[in-house]
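S.K.: This is my_file24.txt (compact mmCIF, C-alpha atoms).
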```txt
# COMPACT_ATOMS: atom_id res chain seq x y z
CA MET W 1 -34.05 -28.33 65.64
CA GLU W 2 -31.15 -26.67 63.81
CA LYS W 3 -33.34 -23.68 62.86
CA THR W 4 -34.33 -23.22 66.50
CA LEU W 5 -30.67 -23.23 67.59
CA ASN W 6 -29.65 -20.63 64.99
CA LYS W 7 -32.53 -18.39 66.04
CA GLN W 8 -31.47 -18.59 69.69
CA THR W 9 -27.85 -17.74 68.76
CA LEU W 10 -28.97 -14.68 66.83
CA ILE W 11 -31.04 -13.46 69.77
CA ASN W 12 -28.04 -13.90 72.10
CA LYS W 13 -25.81 -11.84 69.78
CA CYS W 14 -28.38 -9.04 69.59
CA LEU W 15 -28.52 -8.89 73.37
CA LEU W 16 -24.73 -8.92 73.62
CA PHE W 17 -24.10 -5.85 71.38
CA PRO W 18 -25.78 -3.25 73.68
CA LEU W 19 -23.87 -4.70 76.62
CA ILE W 20 -20.52 -4.33 74.80
CA PHE W 21 -21.34 -0.75 73.68
CA PHE W 22 -22.32 0.24 77.22
CA THR W 23 -19.13 -1.26 78.61
CA LEU W 24 -16.89 0.58 76.07
CA THR W 25 -18.68 3.88 76.69
CA ALA W 26 -18.28 3.54 80.42
CA CYS W 27 -14.57 2.82 80.02
CA GLU W 28 -14.14 5.84 77.77
CA LYS W 29 -15.88 8.14 80.24
CA ASP W 30 -13.80 6.72 83.06
CA ASN W 31 -10.59 7.37 81.12
CA THR W 32 -11.65 10.94 80.27
CA GLY W 33 -12.47 11.72 83.89
CA THR W 34 -9.11 10.36 84.93
CA GLN W 35 -7.35 12.61 82.41
CA GLU W 36 -9.27 15.69 83.60
CA GLN W 37 -8.41 14.87 87.20
CA THR W 38 -4.72 14.53 86.38
CA GLN W 39 -4.49 17.67 84.10
CA THR W 40 -2.49 20.50 85.78
CA PRO W 41 -3.68 24.15 85.83
CA PRO W 42 -2.20 26.33 83.02
CA GLN W 43 1.02 28.17 83.80
CA VAL W 44 0.93 31.96 83.60
CA THR W 45 3.24 34.83 84.56
CA VAL W 46 1.96 37.19 87.25
CA ALA W 47 3.35 40.39 88.73
CA SER W 48 2.29 43.17 91.03
CA PRO W 49 1.73 46.60 89.45
CA LEU W 50 4.65 48.99 89.48
CA VAL W 51 4.11 52.04 91.68
CA ASP W 52 6.26 54.98 90.67
CA GLU W 53 6.27 58.79 90.68
CA ILE W 54 5.57 60.02 87.17
CA THR W 55 4.57 63.11 85.22
CA ASP W 56 1.84 62.93 82.59
CA TRP W 57 2.46 64.52 79.19
CA ASP W 58 -0.46 65.06 76.84
CA GLU W 59 0.19 64.69 73.13
CA PHE W 60 -1.31 66.75 70.32
CA THR W 61 -0.67 67.42 66.64
CA GLY W 62 0.35 70.99 65.86
CA ARG W 63 1.45 73.16 62.98
CA LEU W 64 4.30 75.66 62.95
CA TYR W 65 3.75 79.36 62.22
CA ALA W 66 6.12 82.29 62.02
CA VAL W 67 6.01 84.74 64.92
CA LYS W 68 6.33 87.57 62.38
CA SER W 69 5.26 87.36 58.76
CA VAL W 70 5.49 90.41 56.49
CA GLU W 71 4.30 91.01 52.95
CA ILE W 72 6.71 93.40 51.28
CA ARG W 73 4.75 95.96 49.23
CA PRO W 74 5.84 99.14 47.44
CA ARG W 75 4.79 102.34 49.17
CA VAL W 76 5.37 104.45 46.07
CA SER W 77 4.76 103.79 42.40
CA GLY W 78 7.44 103.56 39.76
CA TYR W 79 9.61 101.25 37.73
CA LEU W 80 11.52 98.58 39.67
CA GLU W 81 15.14 99.50 39.15
CA SER W 82 17.06 96.73 40.97
CA ILE W 83 16.83 93.78 43.39
CA HIS W 84 19.35 93.40 46.21
CA PHE W 85 18.81 89.99 47.84
CA ASN W 86 19.19 86.28 47.11
CA GLU W 87 15.86 84.50 46.97
CA GLY W 88 15.31 82.14 49.91
CA SER W 89 18.17 83.61 51.97
CA ILE W 90 18.24 85.07 55.46
CA VAL W 91 17.89 88.86 55.54
CA ASN W 92 18.36 91.19 58.47
CA LYS W 93 16.17 94.05 59.56
CA ASP W 94 16.71 97.19 57.41
CA ASP W 95 18.55 95.26 54.69
CA LEU W 96 17.97 96.81 51.25
CA LEU W 97 15.69 94.60 49.11
CA TYR W 98 14.53 96.71 46.13
CA ILE W 99 15.16 100.11 44.57
CA ILE W 100 12.33 101.86 42.73
CA ASP W 101 13.36 104.56 40.21
CA PRO W 102 13.82 107.60 42.51
CA ARG W 103 14.19 110.32 39.81
CA PRO W 104 10.56 111.49 39.70
CA TYR W 105 10.51 111.78 43.49
CA GLN W 106 13.85 113.59 43.51
CA ALA W 107 12.32 116.15 41.16
CA GLU W 108 9.34 116.53 43.50
CA LEU W 109 11.73 117.05 46.40
CA ASP W 110 13.65 119.76 44.53
CA GLN W 111 10.38 121.48 43.67
CA ALA W 112 9.22 121.32 47.29
CA LYS W 113 12.48 122.80 48.51
CA ALA W 114 12.17 125.64 46.00
CA GLU W 115 8.64 126.34 47.14
CA LEU W 116 9.86 126.40 50.72
CA ALA W 117 12.51 128.99 49.83
CA ARG W 118 9.90 131.14 48.04
CA SER W 119 7.57 130.90 51.04
CA LYS W 120 10.33 131.93 53.42
CA ALA W 121 11.09 134.97 51.25
CA ALA W 122 7.42 135.91 51.17
CA GLN W 123 7.28 135.55 54.94
CA GLN W 124 10.27 137.83 55.38
CA LEU W 125 8.67 140.45 53.13
CA ALA W 126 5.39 140.24 55.05
CA GLU W 127 7.22 140.69 58.36
CA ASN W 128 9.01 143.81 57.05
CA ASP W 129 5.75 145.26 55.70
CA LEU W 130 4.06 144.67 59.05
CA ALA W 131 6.89 146.37 60.94
CA ARG W 132 6.63 149.49 58.73
CA ALA W 133 2.87 149.52 59.02
CA GLU W 134 3.06 149.46 62.82
CA ARG W 135 5.44 152.46 62.83
CA LEU W 136 3.19 154.42 60.47
CA PHE W 137 0.11 153.57 62.48
CA LYS W 138 1.71 155.01 65.61
CA THR W 139 2.22 158.34 63.83
CA ARG W 140 -1.37 158.29 62.56
CA VAL W 141 -0.21 158.12 58.95
CA MET W 142 -1.65 154.64 58.20
CA PRO W 143 -5.20 153.65 58.99
CA GLU W 144 -5.95 150.69 61.24
CA GLU W 145 -7.53 148.72 58.37
CA GLU W 146 -4.23 148.72 56.49
CA LEU W 147 -2.40 147.51 59.60
CA ASP W 148 -4.83 144.61 59.95
CA SER W 149 -4.26 143.69 56.30
CA ARG W 150 -0.47 143.59 56.82
CA ARG W 151 -0.92 141.36 59.87
CA ASN W 152 -3.07 138.92 57.87
CA GLN W 153 -0.46 138.82 55.11
CA LYS W 154 2.19 137.87 57.65
CA SER W 155 0.02 135.08 59.09
CA ALA W 156 -0.63 133.73 55.60
CA SER W 157 3.08 133.76 54.83
CA VAL W 158 3.84 131.79 58.01
CA ALA W 159 1.23 129.19 57.02
CA SER W 160 2.73 128.99 53.52
CA VAL W 161 6.14 128.26 55.00
CA GLN W 162 4.72 125.49 57.17
CA ALA W 163 2.95 123.93 54.19
CA ALA W 164 6.13 124.12 52.13
CA ARG W 165 8.08 122.41 54.90
CA ALA W 166 5.49 119.61 55.06
CA ALA W 167 5.76 119.15 51.30
CA VAL W 168 9.53 118.80 51.64
CA VAL W 169 9.10 116.15 54.36
CA ALA W 170 6.60 114.23 52.17
CA ALA W 171 8.95 114.38 49.20
CA GLU W 172 11.85 113.15 51.35
CA LEU W 173 9.68 110.24 52.55
CA ASN W 174 8.87 109.30 48.97
CA ILE W 175 12.60 109.31 48.20
CA GLU W 176 13.15 107.06 51.23
CA PHE W 177 10.33 104.72 50.15
CA THR W 178 12.04 104.11 46.80
CA ASN W 179 14.53 102.03 48.83
CA VAL W 180 12.45 99.05 49.96
CA LYS W 181 13.97 97.54 53.11
CA SER W 182 13.19 94.48 55.21
CA PRO W 183 11.22 95.40 58.35
CA ILE W 184 12.24 92.19 60.18
CA THR W 185 14.99 89.59 60.33
CA GLY W 186 14.01 86.29 58.72
CA ARG W 187 13.98 84.18 55.60
CA ILE W 188 12.87 85.89 52.41
CA SER W 189 10.83 84.26 49.67
CA ARG W 190 11.19 84.59 45.91
CA THR W 191 10.61 87.92 44.21
CA ARG W 192 7.25 88.15 42.49
CA ILE W 193 8.20 91.13 40.33
CA THR W 194 11.46 91.50 38.40
CA GLU W 195 13.46 94.56 37.32
CA GLY W 196 11.91 96.86 34.76
CA ASN W 197 8.30 96.27 35.78
CA LEU W 198 6.02 99.05 36.93
CA VAL W 199 4.90 98.71 40.54
CA THR W 200 2.06 100.60 42.15
CA GLY W 201 1.97 101.62 45.76
CA GLY W 202 -0.95 100.33 47.82
CA ASP W 203 -2.38 97.24 49.51
CA ASN W 204 -3.57 95.37 46.42
CA ASP W 205 -2.54 91.70 46.42
CA THR W 206 -0.97 92.15 42.98
CA ASN W 207 1.48 94.61 44.52
CA ILE W 208 3.20 92.10 46.81
CA LEU W 209 6.90 92.08 45.96
CA THR W 210 7.90 89.20 48.27
CA THR W 211 7.41 87.94 51.83
CA VAL W 212 9.67 87.59 54.86
CA VAL W 213 9.02 85.27 57.82
CA SER W 214 10.86 85.19 61.12
CA LEU W 215 12.28 81.82 62.22
CA ASP W 216 13.63 82.17 65.75
CA PRO W 217 11.59 81.79 67.87
CA ILE W 218 8.66 80.09 66.16
CA TYR W 219 5.02 79.41 67.08
CA VAL W 220 3.28 76.03 67.17
CA TYR W 221 -0.53 76.05 67.21
CA PHE W 222 -2.58 73.02 68.27
CA THR W 223 -6.13 72.27 69.42
CA ALA W 224 -7.49 70.42 72.45
CA ASP W 225 -10.98 68.92 72.71
CA GLU W 226 -13.55 69.91 75.29
CA GLN W 227 -12.70 67.06 77.66
CA ALA W 228 -9.04 68.12 77.77
CA VAL W 229 -10.00 71.76 78.36
CA LEU W 230 -12.23 70.76 81.27
CA HIS W 231 -9.51 68.49 82.67
CA TYR W 232 -6.98 71.33 82.67
CA SER W 233 -9.49 73.74 84.21
CA ARG W 234 -10.34 71.30 87.00
CA MET W 235 -6.67 70.72 87.79
CA ASP W 236 -6.10 74.47 87.92
CA MET W 237 -9.02 74.92 90.30
CA ALA W 238 -7.71 72.07 92.50
CA GLY W 239 -4.20 73.53 92.56
CA MET W 240 -2.73 70.48 90.82
CA ARG W 241 -1.53 72.28 87.68
CA THR W 242 -1.55 75.97 86.80
CA SER W 243 -3.50 76.90 83.70
CA SER W 244 -1.50 77.66 80.56
CA ARG W 245 -3.35 80.97 80.40
CA THR W 246 -1.34 82.26 83.33
CA ALA W 247 1.72 79.99 83.42
CA ALA W 248 4.39 79.18 80.83
CA ASN W 249 3.87 75.40 81.07
CA PRO W 250 6.64 73.45 79.30
CA VAL W 251 6.11 72.08 75.79
CA TYR W 252 8.25 69.74 73.68
CA LEU W 253 8.15 69.22 69.91
CA ARG W 254 8.99 66.27 67.67
CA LEU W 255 9.23 66.50 63.89
CA ALA W 256 8.11 63.83 61.45
CA ASP W 257 11.57 62.23 61.16
CA GLU W 258 12.45 62.37 64.87
CA GLU W 259 11.99 59.69 67.52
CA GLU W 260 12.41 61.92 70.56
CA TYR W 261 10.88 65.25 71.55
CA MET W 262 13.98 67.36 71.01
CA HIS W 263 12.69 70.95 70.77
CA GLU W 264 11.78 72.77 73.98
CA GLY W 265 9.35 75.64 74.39
CA HIS W 266 6.54 76.92 76.58
CA MET W 267 2.88 77.91 76.34
CA ASP W 268 2.12 81.58 75.75
CA PHE W 269 -1.52 81.72 74.58
CA VAL W 270 -4.85 79.92 74.97
CA ASP W 271 -7.89 81.08 73.04
CA ASN W 272 -10.97 82.54 74.76
CA GLN W 273 -13.62 80.15 73.37
CA LEU W 274 -14.21 76.81 71.72
CA ASP W 275 -14.48 76.62 67.97
CA LEU W 276 -18.18 76.03 67.31
CA SER W 277 -17.53 73.91 64.22
CA THR W 278 -14.98 71.53 65.79
CA GLY W 279 -15.62 71.78 69.54
CA THR W 280 -11.92 72.40 70.19
CA MET W 281 -9.92 75.21 71.73
CA ARG W 282 -6.76 76.57 70.16
CA GLY W 283 -3.52 76.91 72.09
CA ARG W 284 -0.12 78.25 71.15
CA ALA W 285 3.41 77.59 72.31
CA ILE W 286 6.61 79.41 71.44
CA VAL W 287 9.72 77.35 70.71
CA ASN W 288 13.36 78.35 70.29
CA ASN W 289 14.72 77.65 66.81
CA PRO W 290 18.37 78.79 66.73
CA ASP W 291 19.37 76.41 63.90
CA PHE W 292 16.30 77.30 61.78
CA LEU W 293 15.34 73.60 61.54
CA LEU W 294 11.72 74.37 62.32
CA VAL W 295 10.02 75.88 59.29
CA PRO W 296 6.60 77.59 59.20
CA GLY W 297 3.97 75.24 57.79
CA MET W 298 5.49 72.02 59.16
CA PHE W 299 3.45 69.57 61.22
CA ALA W 300 4.86 68.55 64.60
CA ASP W 301 3.91 66.32 67.51
CA VAL W 302 3.37 68.43 70.60
CA LYS W 303 3.84 67.18 74.15
CA LEU W 304 2.32 69.42 76.83
CA LEU W 305 2.72 69.10 80.59
CA GLY W 306 -0.35 67.29 81.88
CA GLU W 307 -0.45 66.19 85.50
CA GLY W 308 2.18 65.48 88.08
CA PRO W 309 4.46 64.51 89.46
CA TYR W 310 2.25 62.02 91.28
CA GLU W 311 2.39 58.38 92.47
CA ALA W 312 0.84 56.13 89.84
CA VAL W 313 0.04 52.43 89.36
CA LEU W 314 1.61 51.13 86.12
CA ILE W 315 1.15 47.89 84.21
CA PRO W 316 2.05 46.73 80.67
CA ASP W 317 -0.43 47.57 77.94
CA SER W 318 -0.38 43.89 76.94
CA ALA W 319 -1.99 42.91 80.26
CA ILE W 320 -5.11 44.97 79.54
CA ASN W 321 -8.04 43.26 77.82
CA LEU W 322 -10.99 44.87 76.09
CA ASP W 323 -14.59 43.64 76.19
CA GLN W 324 -16.43 46.02 73.87
CA THR W 325 -15.88 49.32 75.76
CA ILE W 326 -14.88 47.77 79.10
CA LYS W 327 -11.19 47.42 79.93
CA PHE W 328 -10.19 44.72 82.40
CA VAL W 329 -7.26 42.64 83.67
CA TYR W 330 -7.01 39.13 85.14
CA VAL W 331 -6.16 39.10 88.85
CA VAL W 332 -4.86 35.99 90.66
CA ASP W 333 -5.75 35.60 94.38
CA GLU W 334 -3.91 33.76 97.13
CA ASN W 335 -5.56 30.47 96.09
CA ASN W 336 -4.33 30.98 92.52
CA MET W 337 -7.86 31.51 91.26
CA VAL W 338 -8.38 33.93 88.39
CA ALA W 339 -10.83 36.83 88.64
CA ARG W 340 -11.70 39.52 86.15
CA ARG W 341 -11.10 43.11 87.36
CA GLN W 342 -12.40 46.19 85.52
CA VAL W 343 -9.90 49.07 85.38
CA LYS W 344 -9.81 52.72 84.33
CA THR W 345 -6.72 53.59 82.32
CA GLY W 346 -4.74 56.81 81.94
CA ASN W 347 -1.88 58.00 79.75
CA LYS W 348 0.87 55.76 78.47
CA GLN W 349 4.27 56.08 80.08
CA GLY W 350 6.84 54.44 77.83
CA ASN W 351 5.75 50.81 77.49
CA LEU W 352 3.54 50.97 80.58
CA ARG W 353 0.02 52.27 81.09
CA VAL W 354 -1.25 54.31 84.03
CA ILE W 355 -4.16 52.65 85.89
CA ARG W 356 -6.37 55.35 87.40
CA ASP W 357 -8.76 53.00 89.21
CA GLY W 358 -9.28 49.28 89.81
CA LEU W 359 -5.86 48.06 90.97
CA SER W 360 -3.61 48.39 94.00
CA LYS W 361 0.06 47.63 94.43
CA GLU W 362 -0.78 44.41 96.34
CA ASP W 363 -2.72 42.83 93.47
CA ARG W 364 -1.21 40.13 91.27
CA ILE W 365 -2.14 40.44 87.62
CA VAL W 366 -1.55 38.11 84.68
CA ILE W 367 1.03 39.69 82.38
CA ASN W 368 1.83 36.65 80.23
CA GLY W 369 -0.33 33.69 79.15
CA ILE W 370 -3.54 35.73 79.12
CA GLN W 371 -4.93 33.71 76.23
CA ARG W 372 -4.87 30.53 78.42
CA VAL W 373 -6.95 31.86 81.30
CA ARG W 374 -10.51 32.83 82.02
CA ALA W 375 -12.33 34.03 85.10
CA GLY W 376 -13.01 31.35 87.71
CA MET W 377 -10.24 28.92 86.76
CA GLN W 378 -7.16 27.94 88.74
CA VAL W 379 -3.68 28.62 87.37
CA THR W 380 -0.07 27.87 88.17
CA PRO W 381 1.51 31.32 88.61
CA GLU W 382 5.14 32.17 87.93
CA GLU W 383 6.13 35.31 89.81
CA SER W 384 7.78 38.16 87.91
CA THR W 385 8.28 41.93 88.18
CA ILE W 386 7.36 44.90 85.99
CA GLU W 387 10.38 46.97 85.01
CA THR W 388 10.36 50.70 84.42
CA THR W 389 12.23 52.57 81.69
CA PRO W 390 13.77 56.07 81.51
CA GLU W 391 10.68 57.22 79.58
CA ASN W 392 8.53 56.37 82.60
CA LYS W 393 10.61 58.71 84.72
CA GLU W 394 10.05 61.70 82.44
```
Hey, can you dump this file as structure tokens for me?

M.R.:
Amino acid sequence: MEKTLNKQTLINKCLLFPLIFFTLTACEKDNTGTQEQTQTPPQVTVASPLVDEITDWDEFTGRLYAVKSVEIRPRVSGYLESIHFNEGSIVNKDDLLYIIDPRPYQAELDQAKAELARSKAAQQLAENDLARAERLFKTRVMPEEELDSRRNQKSASVASVQAARAAVVAAELNIEFTNVKSPITGRISRTRITEGNLVTGGDNDTNILTTVVSLDPIYVYFTADEQAVLHYSRMDMAGMRTSSRTAANPVYLRLADEEEYMHEGHMDFVDNQLDLSTGTMRGRAIVNNPDFLLVPGMFADVKLLGEGPYEAVLIPDSAINLDQTIKFVYVVDENNMVARRQVKTGNKQGNLRVIRDGLSKEDRIVINGIQRVRAGMQVTPEESTIETTPENKE
């Protein structure tokens, strides 16, 4: 009897356990559903895009080059007698730089002048002989052949005088070339040859005495890719922006240690074809450099007039999301439901980004709390505004 009772109790307990588990599970699900029903939508900050009139500036990396760069070479040979400049200083056009020993060329000049005097004397004698021959020929004393000979002697003497004069001019030039002068105003480099060395006139690289580069104004060269070239061409054809081939579009420069674009210039050259190896086209701007801060060879950030002024839609860069190659923002409708909106972006204006397509000024976008939202969910929006900065007005 006791064994039967214990067996019945065990069976009752086994039947009771599933009932208890089911009851606890149902209560847990009921509590979870209650919590989900009472949970409030996430709070986010929303704002309408800023619509403002802006001007686009395209940025490139450029390198500075001298407008004029001259290699100073000797035009005559001789021993270098003296140097008349401080290395690395500013020299003016026609400043004396070097003196090559002029004595051999002075001797050549004296010889040429003497030869000129001899030729003039010979010419005078030939003229006198011709005059006498003409008088004798009239009286039939001198034959015509002799007269012709005297005429030829006079012509030869005239040619000799002309040759002697040319030799004097050449000798005077050689004397002048012994004084090596700067052909431009600019900064001079170090001297590659010192006093006492023999220099040889010519265009051999070993004959370079020094170099001079101009500093004000200065060139900046930069390259633009094919897409940029097409963009500029299309704007020119549409009358939105004149091509830099025909217009001096403004350019601004910024050096490596500068925050702002402080140096102003303008475009003055665009190449005639794309570089086949890089697919880019070279452009050049000229920039004023009165304080000589810009030095040939430096790198500089270049800002070139792009498009504008035009009315643009602007939003913070932080509001733009990226899904692989697709850029999108979260838009909140009148029912506070979130939707995903694909956008096409443009240049950056200060801390804001131009939106070319996908948004209007009436839209409300999520600018804060983006990590808490996803498409299709409801949110609690807090209205805000997007502020502009002076950079956006540039």

S.K.: For a test of reading the model, state the distance in Å between CA of Ser69 (chain W) and CA of Leu293 (chain W), rounded to one decimal.

M.R.: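 That distance, rounded to one decimal, is 17.3 Å.
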
S.K.: What's the 10 Å shell around Ala256 (chain W), counting only C-alpha atoms, without same-chain residues fewer than 3 positions away, as JSON, numbers by chain?

M.R.: {"W": [259, 298, 299, 300, 301]}

S.K.: Rounded to one decimal in Å, what is the spacing between CA of Thr223 (chain W) and CA of Leu314 (chain W)?

M.R.: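 Calculated distance between CA of Thr223 (chain W) and CA of Leu314 (chain W) is 28.0 Å.
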
S.K.: To one decimal in Å, tell me the separation between CA of Ala375 (chain W) and CA of Glu387 (chain W).

M.R.: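 About the pair CA of Ala375 (chain W) and CA of Glu387 (chain W): they are 26.1 Å apart.
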
S.K.: Which of these, W:Asn321, W:Lys138, W:Ala66, W:Ile208, has the shortest distance to Val295 (chain W) once you count only C-alpha atoms?

M.R.: W:Ala66

S.K.: I need the residue nearest Ala167 (chain W) from this list: W:Ser277, W:Ser119, W:Asn86, W:Thr40. Use all atoms listed in the file for the distance.

M.R.: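 Counting all atoms listed in the file, the residue closest to Ala167 (chain W) is W:Ser119.
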
S.K.: Each side padded by 5 Å, which centre and which edge lengths in Å (one decimal) define the axis-aligned box around the listed atoms of region 123-128 of chain W? Give them as lines of an AutoDock Vina configuration file.

M.R.:
```
center_x = 7.8
center_y = 139.7
center_z = 55.7
size_x = 14.9
size_y = 18.3
size_z = 15.2
```

S.K.: Find the residues near Val331 (chain W): any atom within 6 Å, counting all atoms listed in the file, skip ones fewer than 4 places away on the same chain, and give them as number ranges by chain.

M.R.: W: 338-339, 364-365

S.K.: Could you pull the residues within 10 Å of region 193-200 of chain W, counting only C-alpha atoms, minus those fewer than 2 positions along the same chain, as number ranges by chain?

M.R.: W: 73-83, 98-101, 190-191, 202-204, 206-210
